[in-house]
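Below: coords36.txt (compact mmCIF, C-alpha atoms and all ligand atoms)
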# COMPACT_ATOMS: atom_id res chain seq x y z
CA MET F 826 -23.19 0.10 -20.49
CA ASP F 827 -25.03 -2.73 -18.69
CA ARG F 828 -27.01 -1.41 -15.72
CA ILE F 829 -27.44 -3.56 -12.69
CA GLU F 830 -30.74 -3.24 -10.89
CA THR F 831 -30.47 -2.34 -7.25
CA PRO F 832 -33.10 -2.48 -4.53
CA ASP F 833 -34.50 0.84 -3.29
CA ASP F 834 -32.68 2.82 -0.60
CA THR F 835 -34.62 1.29 2.31
CA ASP F 836 -33.87 -2.26 1.15
CA LEU F 837 -30.21 -1.41 0.66
CA ALA F 838 -29.91 0.11 4.13
CA SER F 839 -31.44 -2.91 5.84
CA HIS F 840 -29.52 -5.42 3.68
CA TYR F 841 -26.21 -3.81 4.61
CA ALA F 842 -27.07 -2.97 8.23
CA PRO F 843 -24.71 -5.67 9.66
CA LEU F 844 -21.87 -4.29 7.54
CA TYR F 845 -22.58 -0.76 8.73
CA GLU F 846 -22.58 -1.89 12.33
CA ARG F 847 -18.94 -2.90 11.85
CA VAL F 848 -17.80 0.43 10.34
CA GLN F 849 -20.19 2.85 12.05
CA HIS F 850 -17.46 4.49 14.12
CA ARG F 851 -15.47 5.35 10.98
CA ILE F 852 -18.23 6.24 8.47
CA SER F 853 -21.01 8.74 9.26
CA PRO F 854 -24.68 7.74 8.57
CA LEU F 855 -24.87 10.45 5.90
CA ASP F 856 -21.77 9.22 4.09
CA TRP F 857 -23.01 5.63 4.39
CA GLN F 858 -26.20 6.58 2.49
CA LEU F 859 -24.07 8.09 -0.27
CA TYR F 860 -21.72 5.08 -0.45
CA LEU F 861 -24.34 2.30 -0.37
CA PRO F 862 -25.38 2.26 -4.07
CA SER F 863 -21.75 1.95 -5.19
CA ILE F 864 -20.93 -0.65 -2.53
CA ASP F 865 -23.88 -2.74 -3.66
CA ALA F 866 -23.06 -2.37 -7.35
CA ILE F 867 -19.38 -3.27 -6.82
CA ARG F 868 -20.26 -6.40 -4.86
CA ARG F 869 -22.61 -7.53 -7.66
CA LEU F 870 -20.14 -6.70 -10.43
CA LYS F 871 -17.39 -8.67 -8.70
CA ARG F 872 -19.55 -11.80 -8.90
CA GLU F 873 -20.49 -11.18 -12.54
CA ARG F 874 -16.91 -10.53 -13.64
CA ASN F 875 -15.31 -13.21 -11.44
CA ALA F 876 -13.24 -10.36 -10.02
CA ILE F 877 -11.50 -9.69 -6.73
CA VAL F 878 -10.73 -6.33 -5.18
CA LEU F 879 -7.37 -5.83 -3.47
CA ALA F 880 -7.11 -2.87 -1.07
CA HIS F 881 -3.88 -1.49 0.34
CA ASN F 882 -3.74 -0.63 4.05
CA TYR F 883 -3.81 3.08 3.11
CA GLN F 884 -7.16 2.91 1.28
CA ALA F 885 -10.12 4.85 2.68
CA PRO F 886 -12.30 2.95 5.21
CA GLU F 887 -15.34 2.85 2.88
CA ILE F 888 -13.24 0.87 0.37
CA PHE F 889 -11.04 -1.16 2.72
CA ASN F 890 -13.90 -2.41 4.90
CA THR F 891 -16.76 -2.87 2.46
CA VAL F 892 -15.67 -4.06 -1.00
CA ALA F 893 -12.13 -5.45 -0.57
CA ASP F 894 -11.57 -9.21 -0.76
CA ILE F 895 -7.90 -9.04 0.21
CA THR F 896 -6.22 -6.30 2.25
CA GLY F 897 -2.62 -5.71 3.21
CA ASP F 898 0.63 -4.18 1.97
CA SER F 899 1.43 -4.12 -1.73
CA LEU F 900 3.49 -7.29 -1.92
CA ALA F 901 1.15 -9.30 0.29
CA LEU F 902 -1.77 -8.26 -1.93
CA ALA F 903 -0.04 -9.38 -5.11
CA ARG F 904 1.12 -12.66 -3.57
CA LEU F 905 -2.25 -13.55 -2.05
CA ALA F 906 -3.95 -12.81 -5.37
CA MET F 907 -1.82 -15.62 -6.89
CA ASN F 908 -3.85 -18.16 -4.89
CA VAL F 909 -7.27 -16.85 -5.89
CA ASP F 910 -9.32 -18.30 -8.72
CA ALA F 911 -10.35 -14.99 -10.32
CA ASP F 912 -10.19 -13.69 -13.89
CA VAL F 913 -9.95 -10.05 -12.92
CA ILE F 914 -8.00 -8.21 -10.20
CA VAL F 915 -8.90 -4.64 -9.27
CA MET F 916 -6.03 -2.96 -7.43
CA CYS F 917 -7.17 -0.28 -5.02
CA GLY F 918 -3.79 1.28 -4.52
CA VAL F 919 -1.26 3.12 -6.66
CA HIS F 920 0.14 2.24 -10.07
CA PHE F 921 3.32 0.42 -9.00
CA MET F 922 1.15 -1.85 -6.83
CA ALA F 923 -1.03 -2.72 -9.82
CA GLU F 924 2.12 -3.47 -11.81
CA THR F 925 3.36 -5.80 -9.07
CA ALA F 926 -0.01 -7.57 -9.09
CA LYS F 927 0.28 -8.00 -12.88
CA ILE F 928 3.88 -9.25 -12.66
CA LEU F 929 2.92 -11.97 -10.18
CA ASN F 930 -0.42 -12.72 -11.90
CA PRO F 931 0.45 -12.43 -15.60
CA THR F 932 -2.55 -14.40 -16.91
CA LYS F 933 -5.14 -12.33 -15.03
CA THR F 934 -6.61 -9.02 -16.15
CA VAL F 935 -5.36 -6.38 -13.70
CA LEU F 936 -7.31 -3.12 -13.47
CA ILE F 937 -6.63 0.09 -11.55
CA PRO F 938 -9.58 2.45 -10.98
CA ASP F 939 -7.45 5.55 -11.72
CA LEU F 940 -4.37 5.28 -13.93
CA ALA F 941 -3.09 8.59 -12.55
CA ALA F 942 -2.64 7.17 -9.04
CA GLY F 943 1.15 7.57 -8.85
CA CYS F 944 3.70 7.79 -6.03
CA SER F 945 6.41 10.34 -5.20
CA LEU F 946 8.80 7.59 -4.17
CA SER F 947 8.29 5.45 -7.27
CA GLU F 948 8.67 8.50 -9.51
CA SER F 949 11.94 9.60 -7.89
CA ILE F 950 14.03 7.12 -9.90
CA SER F 951 14.30 5.77 -13.46
CA PRO F 952 16.14 2.86 -15.12
CA ARG F 953 18.60 5.42 -16.53
CA ASP F 954 19.49 6.55 -12.98
CA ILE F 955 20.28 2.93 -12.12
CA LYS F 956 22.48 2.58 -15.20
CA LEU F 957 24.49 5.65 -14.10
CA LEU F 958 24.81 4.31 -10.54
CA ARG F 959 26.07 0.97 -11.86
CA GLU F 960 28.71 2.81 -13.90
CA ARG F 961 29.80 4.76 -10.82
CA TYR F 962 29.87 1.72 -8.50
CA PRO F 963 30.89 -1.20 -10.74
CA GLY F 964 29.98 -4.61 -9.38
CA ALA F 965 27.76 -3.25 -6.57
CA PRO F 966 24.41 -5.09 -6.57
CA VAL F 967 21.23 -3.00 -6.81
CA VAL F 968 18.62 -3.69 -4.13
CA THR F 969 15.34 -1.92 -4.88
CA TYR F 970 12.39 -1.30 -2.62
CA VAL F 971 9.11 -2.71 -4.02
CA ASN F 972 7.65 0.84 -4.10
CA THR F 973 9.05 1.36 -7.59
CA SER F 974 7.90 0.97 -11.19
CA ALA F 975 8.19 -2.32 -13.07
CA ALA F 976 10.88 -0.74 -15.29
CA VAL F 977 13.00 0.15 -12.24
CA LYS F 978 12.53 -3.32 -10.76
CA ALA F 979 13.64 -4.81 -14.09
CA ALA F 980 16.84 -2.72 -13.98
CA SER F 981 17.63 -3.97 -10.46
CA ASP F 982 19.17 -7.19 -9.15
CA VAL F 983 16.70 -7.92 -6.39
CA CYS F 984 13.71 -6.28 -4.71
CA CYS F 985 13.05 -5.84 -1.00
CA THR F 986 10.25 -4.69 1.28
CA SER F 987 10.59 -2.55 4.40
CA ALA F 988 10.19 -5.81 6.38
CA ASN F 989 13.02 -7.77 4.74
CA ALA F 990 15.37 -4.96 3.56
CA VAL F 991 18.13 -5.68 6.11
CA GLU F 992 18.03 -9.41 5.36
CA ILE F 993 18.18 -8.85 1.59
CA VAL F 994 21.06 -6.34 1.89
CA ASN F 995 23.03 -8.74 4.13
CA ALA F 996 22.50 -11.56 1.62
CA GLN F 997 24.36 -9.64 -1.12
CA ASN F 998 27.82 -10.96 -1.96
CA SER F 999 29.44 -7.51 -1.94
CA ASP F 1000 30.66 -5.02 0.71
CA THR F 1001 28.97 -2.17 -1.18
CA VAL F 1002 25.26 -2.30 -2.05
CA ILE F 1003 23.23 0.25 -4.01
CA PHE F 1004 19.96 0.66 -2.09
CA LEU F 1005 17.09 2.47 -3.83
CA PRO F 1006 15.16 4.73 -3.83
CA ASP F 1007 14.05 5.80 -0.29
CA ARG F 1008 16.77 7.70 1.53
CA TYR F 1009 15.11 7.32 4.94
CA LEU F 1010 14.51 3.58 4.66
CA GLY F 1011 18.08 3.39 3.33
CA ALA F 1012 19.46 5.27 6.37
CA HIS F 1013 17.46 2.98 8.68
CA VAL F 1014 18.86 -0.14 6.96
CA ALA F 1015 22.40 1.33 6.95
CA GLY F 1016 22.22 1.49 10.75
CA LYS F 1017 21.52 -2.25 10.92
CA THR F 1018 24.09 -3.69 8.50
CA ASP F 1019 27.89 -3.73 8.10
CA LYS F 1020 27.54 -3.21 4.32
CA LYS F 1021 28.33 0.18 2.82
CA LEU F 1022 25.08 1.46 1.30
CA VAL F 1023 24.91 3.82 -1.65
CA LEU F 1024 21.60 5.68 -1.23
CA TRP F 1025 19.30 7.63 -3.56
CA HIS F 1026 17.42 10.84 -2.69
CA GLY F 1027 13.86 9.50 -3.05
CA ALA F 1028 11.26 9.92 -0.32
CA CYS F 1029 7.60 9.28 0.33
CA GLU F 1030 5.82 12.63 0.44
CA VAL F 1031 3.53 11.34 3.21
CA HIS F 1032 6.13 9.95 5.62
CA GLU F 1033 8.77 12.65 5.11
CA ARG F 1034 6.36 15.30 6.48
CA PHE F 1035 6.42 13.87 10.03
CA THR F 1036 8.91 15.45 12.44
CA GLY F 1037 10.49 14.37 15.70
CA ALA F 1038 9.12 17.49 17.45
CA GLN F 1039 5.61 16.57 16.32
CA ILE F 1040 5.93 13.08 17.79
CA ARG F 1041 7.25 14.47 21.09
CA SER F 1042 4.21 16.74 21.34
CA TYR F 1043 1.91 13.69 21.19
CA ARG F 1044 3.89 11.69 23.78
CA ALA F 1045 1.84 10.79 26.87
CA PRO F 1046 2.09 8.10 29.57
CA GLY F 1047 0.95 4.70 28.32
CA ILE F 1048 1.04 5.60 24.63
CA ARG F 1049 2.91 3.29 22.25
CA VAL F 1050 4.57 5.03 19.29
CA LEU F 1051 4.91 3.04 16.08
CA ALA F 1052 6.60 4.47 12.99
CA HIS F 1053 7.13 3.35 9.41
CA PRO F 1054 10.81 3.26 8.31
CA GLU F 1055 10.05 5.68 5.44
CA CYS F 1056 9.96 8.42 8.14
CA PRO F 1057 12.98 10.70 8.77
CA PRO F 1058 15.56 9.58 11.39
CA ASP F 1059 14.44 12.11 14.06
CA VAL F 1060 10.95 10.53 13.90
CA LEU F 1061 12.27 6.96 14.12
CA ALA F 1062 14.38 7.99 17.13
CA GLN F 1063 11.15 8.79 18.99
CA ALA F 1064 9.43 5.47 18.18
CA ASP F 1065 8.97 2.46 20.46
CA PHE F 1066 8.67 0.26 17.37
CA VAL F 1067 9.75 0.72 13.74
CA GLY F 1068 8.35 -1.56 11.06
CA SER F 1069 6.35 -2.12 7.90
CA THR F 1070 2.56 -1.71 7.91
CA ALA F 1071 2.17 -5.46 8.52
CA ALA F 1072 4.76 -5.41 11.32
CA MET F 1073 3.11 -2.39 13.00
CA SER F 1074 -0.24 -4.10 12.87
CA GLY F 1075 1.32 -7.25 14.41
CA ASP F 1076 3.02 -5.21 17.15
CA ILE F 1077 -0.25 -3.56 18.22
CA ARG F 1078 -1.83 -7.00 18.61
CA SER F 1079 1.12 -8.65 20.36
CA SER F 1080 2.07 -5.73 22.65
CA GLY F 1081 -1.48 -5.39 23.97
CA ALA F 1082 -1.19 -1.60 23.60
CA THR F 1083 -4.44 0.27 24.22
CA ARG F 1084 -3.21 3.76 23.21
CA VAL F 1085 -1.28 3.97 19.97
CA LEU F 1086 0.35 6.78 18.04
CA LEU F 1087 0.64 5.40 14.51
CA ILE F 1088 3.11 7.33 12.37
CA THR F 1089 2.16 6.42 8.82
CA GLU F 1090 -0.57 7.27 6.29
CA CYS F 1091 -3.53 7.95 8.54
CA SER F 1092 -6.15 5.76 6.83
CA MET F 1093 -4.32 2.77 8.28
CA ALA F 1094 -5.31 3.79 11.81
CA ASP F 1095 -8.95 4.17 10.68
CA ASN F 1096 -8.89 0.68 9.16
CA LEU F 1097 -7.18 -0.92 12.17
CA ALA F 1098 -9.68 0.78 14.49
CA VAL F 1099 -12.50 -1.19 12.82
CA GLU F 1100 -10.75 -4.47 13.73
CA LEU F 1101 -9.43 -3.32 17.10
CA PRO F 1102 -12.23 -1.22 18.66
CA ASN F 1103 -10.58 -1.31 22.09
CA VAL F 1104 -7.43 0.42 20.90
CA GLU F 1105 -7.40 4.23 20.97
CA PHE F 1106 -5.55 5.56 17.92
CA THR F 1107 -4.16 9.04 17.82
CA ARG F 1108 -1.92 10.52 15.15
CA PRO F 1109 -1.04 13.56 13.13
CA CYS F 1110 -3.05 12.86 9.95
CA ASN F 1111 -1.05 12.76 6.72
CA LEU F 1112 -3.09 11.39 3.81
CA CYS F 1113 -1.58 10.12 0.56
CA PRO F 1114 -3.10 12.15 -2.30
CA HIS F 1115 -2.39 9.32 -4.75
CA MET F 1116 -4.23 6.70 -2.68
CA ARG F 1117 -7.17 9.13 -2.37
CA ARG F 1118 -7.62 9.06 -6.16
CA ILE F 1119 -9.29 5.66 -5.74
CA THR F 1120 -12.98 6.07 -4.93
CA LEU F 1121 -16.03 3.80 -4.83
CA PRO F 1122 -17.55 5.30 -8.03
CA LYS F 1123 -14.24 4.76 -9.88
CA ILE F 1124 -14.06 1.13 -8.71
CA GLU F 1125 -17.64 0.61 -9.89
CA GLN F 1126 -16.91 2.17 -13.27
CA CYS F 1127 -13.72 0.15 -13.63
CA LEU F 1128 -15.60 -3.11 -13.04
CA ARG F 1129 -18.37 -2.13 -15.49
CA SER F 1130 -16.00 -1.20 -18.31
CA LEU F 1131 -13.13 -3.56 -17.39
CA THR F 1132 -10.73 -0.64 -17.89
CA PRO F 1133 -8.14 0.79 -17.37
CA VAL F 1134 -6.10 -2.39 -17.85
CA VAL F 1135 -2.54 -2.44 -16.48
CA GLU F 1136 -0.16 -3.48 -19.28
CA ILE F 1137 3.58 -4.09 -18.97
CA ASP F 1138 6.11 -4.48 -21.78
CA PRO F 1139 7.05 -8.23 -21.90
CA THR F 1140 10.81 -7.54 -21.55
CA VAL F 1141 10.22 -5.31 -18.52
CA MET F 1142 7.82 -7.90 -17.12
CA ASP F 1143 10.44 -10.68 -17.28
CA GLY F 1144 13.14 -8.54 -15.63
CA ALA F 1145 10.85 -7.25 -12.88
CA ARG F 1146 9.55 -10.74 -12.19
CA ARG F 1147 13.13 -12.02 -11.87
CA ALA F 1148 13.97 -9.29 -9.29
CA LEU F 1149 10.80 -10.01 -7.32
CA LEU F 1150 11.22 -13.79 -7.40
CA ARG F 1151 14.85 -13.46 -6.31
CA MET F 1152 13.61 -11.64 -3.22
CA LEU F 1153 10.93 -14.23 -2.54
CA ALA F 1154 13.51 -17.01 -2.91
S1 LIG B 1201 2.11 6.70 0.91
FE1 LIG B 1201 4.07 7.39 0.04
S2 LIG B 1201 5.02 5.50 -0.79
FE2 LIG B 1201 2.82 5.08 -0.46
S3 LIG B 1201 1.86 5.56 -2.43
FE3 LIG B 1201 1.69 7.43 -1.17
S4 LIG B 1201 3.52 8.63 -1.78
FE4 LIG B 1201 3.88 6.52 -2.47

Step by step, read the file and then write its structure as structure tokens.
Ligand code: SF4
Amino acid sequence: MDRIETPDDTDLASHYAPLYERVQHRISPLDWQLYLPSIDAIRRLKRERNAIVLAHNYQAPEIFNTVADITGDSLALARLAMNVDADVIVMCGVHFMAETAKILNPTKTVLIPDLAAGCSLSESISPRDIKLLRERYPGAPVVTYVNTSAAVKAASDVCCTSANAVEIVNAQNSDTVIFLPDRYLGAHVAGKTDKKLVLWHGACEVHERFTGAQIRSYRAPGIRVLAHPECPPDVLAQADFVGSTAAMSGDIRSSGATRVLLITECSMADNLAVELPNVEFTRPCNLCPHMRRITLPKIEQCLRSLTPVVEIDPTVMDGARRALLRMLA
């Protein structure tokens, strides 16, 4: 393994002092000392490998704010990476996100620091389930949320995000649409379209834990409540705004809210707080265990060894790409 020389601890601390100033309210001085060697090594390795690091909004602040080149939701990450002149992409997110990055960037090497970073929603459905649904509802198009595996995307007609789901469903030339796999996002979309939706029983283990009673207990004058549409209906009923991670972030900026209850994976509030220091974020904290599998030492190791590589069967790749491109079109 090639070792990269690093300056001593004092040099590192002073070199990265401006960076720490930005994140000091989210990362303790003790943790910063522990993180610095990996942060420094990752930044050097990125240059050596001509690599970029993509970090999902739910990544921990020490990753999101210090080593990421592109941040955002899964589709935005994969799309933005298409415009970057890099040989290697490191996806700091879960496996389906790395697959999406590979599908949209087939000539680049896509790495994920921990291959076991899965997702309860993605794992709730298989291509065989879609085949059975097609047999039960002949002719109904299959609209699939991007939080699914490449194989499930390939078995679908078109993908959607939480931001464009209603638009994509309405664009289908059929009164009945099979909408997969999140039952809560599906119920939210069903309330905004005249189409009959056939739903699946999948759910995100982070968002389904929120409850309406919990949100009511946090309600206070002047607080703006924003919720992700993967939350149950009684939670969405309490929200002032429902939208994707990108839409929630946009709403905080455009509404001028100074007190925000953000009902989604709680690292997002930590990351937004770095950019918006004048906004007070409060929330019940639900962390995604799969996102937490990605750590600075694993990113460093991944860049040193250029493994694990995300590979997709060529037939699956073509089908998944078709479903994604149909959405983008
Ligand atoms: S937050 Fe939910 S949808 Fe996102 S990766 Fe975790 S389990 Fe999957």

> Using only C-alpha atoms, which of the listed residues (F:Ala838, F:Ile1003, F:Leu946, F:Val1060) sits closest to Ala1038 in chain F?
Replying inline: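 Looking at the shortest contact to Ala1038 in chain F, the residue is F:Val1060.
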
> What residues have any atom no more than 9 Å from ligand LIG 1201 (chain B) when counting only C-alpha atoms and all ligand atoms, and can you list them as a ChimeraX atom specification?
Replying inline: /F:883,918-922,942-948,972-973,1028-1033,1055,1089-1090,1111-1116

>> Give me, as a VMD selection string, all polymer residues having an atom no more than 12 Å from Leu1128 in chain F, counting all atoms listed in the file and skipping those fewer than 5 positions away in the same chain.
In response: chain F and resid 826 to 829 863 866 to 878 912 to 917 934 to 939 1121 to 1123 1133 to 1134

Take the residues from that selection and put them in a file with C-alpha atoms, as a PDB file, in the coordinates of the input.
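So the final result, stored in result-v2.pdb, reads:
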ATOM      1  CA  MET F 826     -23.190   0.100 -20.490  1.00  0.00           C
ATOM      2  CA  ASP F 827     -25.030  -2.730 -18.690  1.00  0.00           C
ATOM      3  CA  ARG F 828     -27.010  -1.410 -15.720  1.00  0.00           C
ATOM      4  CA  ILE F 829     -27.440  -3.560 -12.690  1.00  0.00           C
ATOM      5  CA  SER F 863     -21.750   1.950  -5.190  1.00  0.00           C
ATOM      6  CA  ALA F 866     -23.060  -2.370  -7.350  1.00  0.00           C
ATOM      7  CA  ILE F 867     -19.380  -3.270  -6.820  1.00  0.00           C
ATOM      8  CA  ARG F 868     -20.260  -6.400  -4.860  1.00  0.00           C
ATOM      9  CA  ARG F 869     -22.610  -7.530  -7.660  1.00  0.00           C
ATOM     10  CA  LEU F 870     -20.140  -6.700 -10.430  1.00  0.00           C
ATOM     11  CA  LYS F 871     -17.390  -8.670  -8.700  1.00  0.00           C
ATOM     12  CA  ARG F 872     -19.550 -11.800  -8.900  1.00  0.00           C
ATOM     13  CA  GLU F 873     -20.490 -11.180 -12.540  1.00  0.00           C
ATOM     14  CA  ARG F 874     -16.910 -10.530 -13.640  1.00  0.00           C
ATOM     15  CA  ASN F 875     -15.310 -13.210 -11.440  1.00  0.00           C
ATOM     16  CA  ALA F 876     -13.240 -10.360 -10.020  1.00  0.00           C
ATOM     17  CA  ILE F 877     -11.500  -9.690  -6.730  1.00  0.00           C
ATOM     18  CA  VAL F 878     -10.730  -6.330  -5.180  1.00  0.00           C
ATOM     19  CA  ASP F 912     -10.190 -13.690 -13.890  1.00  0.00           C
ATOM     20  CA  VAL F 913      -9.950 -10.050 -12.920  1.00  0.00           C
ATOM     21  CA  ILE F 914      -8.000  -8.210 -10.200  1.00  0.00           C
ATOM     22  CA  VAL F 915      -8.900  -4.640  -9.270  1.00  0.00           C
ATOM     23  CA  MET F 916      -6.030  -2.960  -7.430  1.00  0.00           C
ATOM     24  CA  CYS F 917      -7.170  -0.280  -5.020  1.00  0.00           C
ATOM     25  CA  THR F 934      -6.610  -9.020 -16.150  1.00  0.00           C
ATOM     26  CA  VAL F 935      -5.360  -6.380 -13.700  1.00  0.00           C
ATOM     27  CA  LEU F 936      -7.310  -3.120 -13.470  1.00  0.00           C
ATOM     28  CA  ILE F 937      -6.630   0.090 -11.550  1.00  0.00           C
ATOM     29  CA  PRO F 938      -9.580   2.450 -10.980  1.00  0.00           C
ATOM     30  CA  ASP F 939      -7.450   5.550 -11.720  1.00  0.00           C
ATOM     31  CA  LEU F1121     -16.030   3.800  -4.830  1.00  0.00           C
ATOM     32  CA  PRO F1122     -17.550   5.300  -8.030  1.00  0.00           C
ATOM     33  CA  LYS F1123     -14.240   4.760  -9.880  1.00  0.00           C
ATOM     34  CA  PRO F1133      -8.140   0.790 -17.370  1.00  0.00           C
ATOM     35  CA  VAL F1134      -6.100  -2.390 -17.850  1.00  0.00           C
TER      36      VAL F1134
END

> So how far away is CA of Ser981 in chain F from CA of Leu1005 in chain F, in Å?
Replying inline: 9.3 Å

> For Ala996 in chain F, which residue among F:His1026, F:Lys1020, F:Arg1129, F:Lys978 is the nearest when counting all atoms listed in the file?
Replying inline: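 Closest residue, counting all atoms listed in the file: F:Lys1020.
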
> For Gly1068 in chain F, which residue among F:Asn1096, F:Val909, F:Arg1147, F:Asn989 is the nearest when counting all atoms listed in the file?
Replying inline: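 Ranking F:Asn1096, F:Val909, F:Arg1147, F:Asn989 by distance to Gly1068 in chain F, first place goes to F:Asn989.
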
> Of the candidates F:Arg1108, F:Thr1083, F:Arg959, F:Asp836, which one gets nearest to Arg1041 in chain F if we count all atoms listed in the file?
Replying inline: F:Arg1108

>> Need to verify the contact set: Pro1058 in chain F, 12 Å, only C-alpha atoms, exclusion of same-chain residues closer than 2 positions in sequence. Can you return it as a list of chain:residue names?
In response: F:Arg1008, F:Tyr1009, F:Leu1010, F:Gly1011, F:Ala1012, F:His1013, F:Val1014, F:Ala1015, F:Gly1016, F:His1032, F:Glu1033, F:Arg1034, F:Phe1035, F:Thr1036, F:Gly1037, F:Ala1038, F:Ala1052, F:His1053, F:Pro1054, F:Glu1055, F:Cys1056, F:Val1060, F:Leu1061, F:Ala1062, F:Gln1063, F:Ala1064, F:Val1067

>> Counting only C-alpha atoms, which residue out of F:Ala903, F:Ala941, F:Leu1097, F:Ala911 sits closest to Val971 in chain F?
In response: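 Between F:Ala903, F:Ala941, F:Leu1097, F:Ala911, the residue approaching Val971 in chain F most closely is F:Ala903.
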
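The space between CA of Ser899 in chain F and CA of Arg1146 in chain F spans 14.8 Å.
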
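Picture a line from CA of Asp894 in chain F to CA of Asp856 in chain F; it runs 21.6 Å.
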
> Of the residues F:Ala1148, F:Ala880, F:Met1142, F:Val1002, which is the one nearest to Ile928 in chain F, using only C-alpha atoms?
Replying inline: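 Nearest to Ile928 in chain F: F:Met1142.
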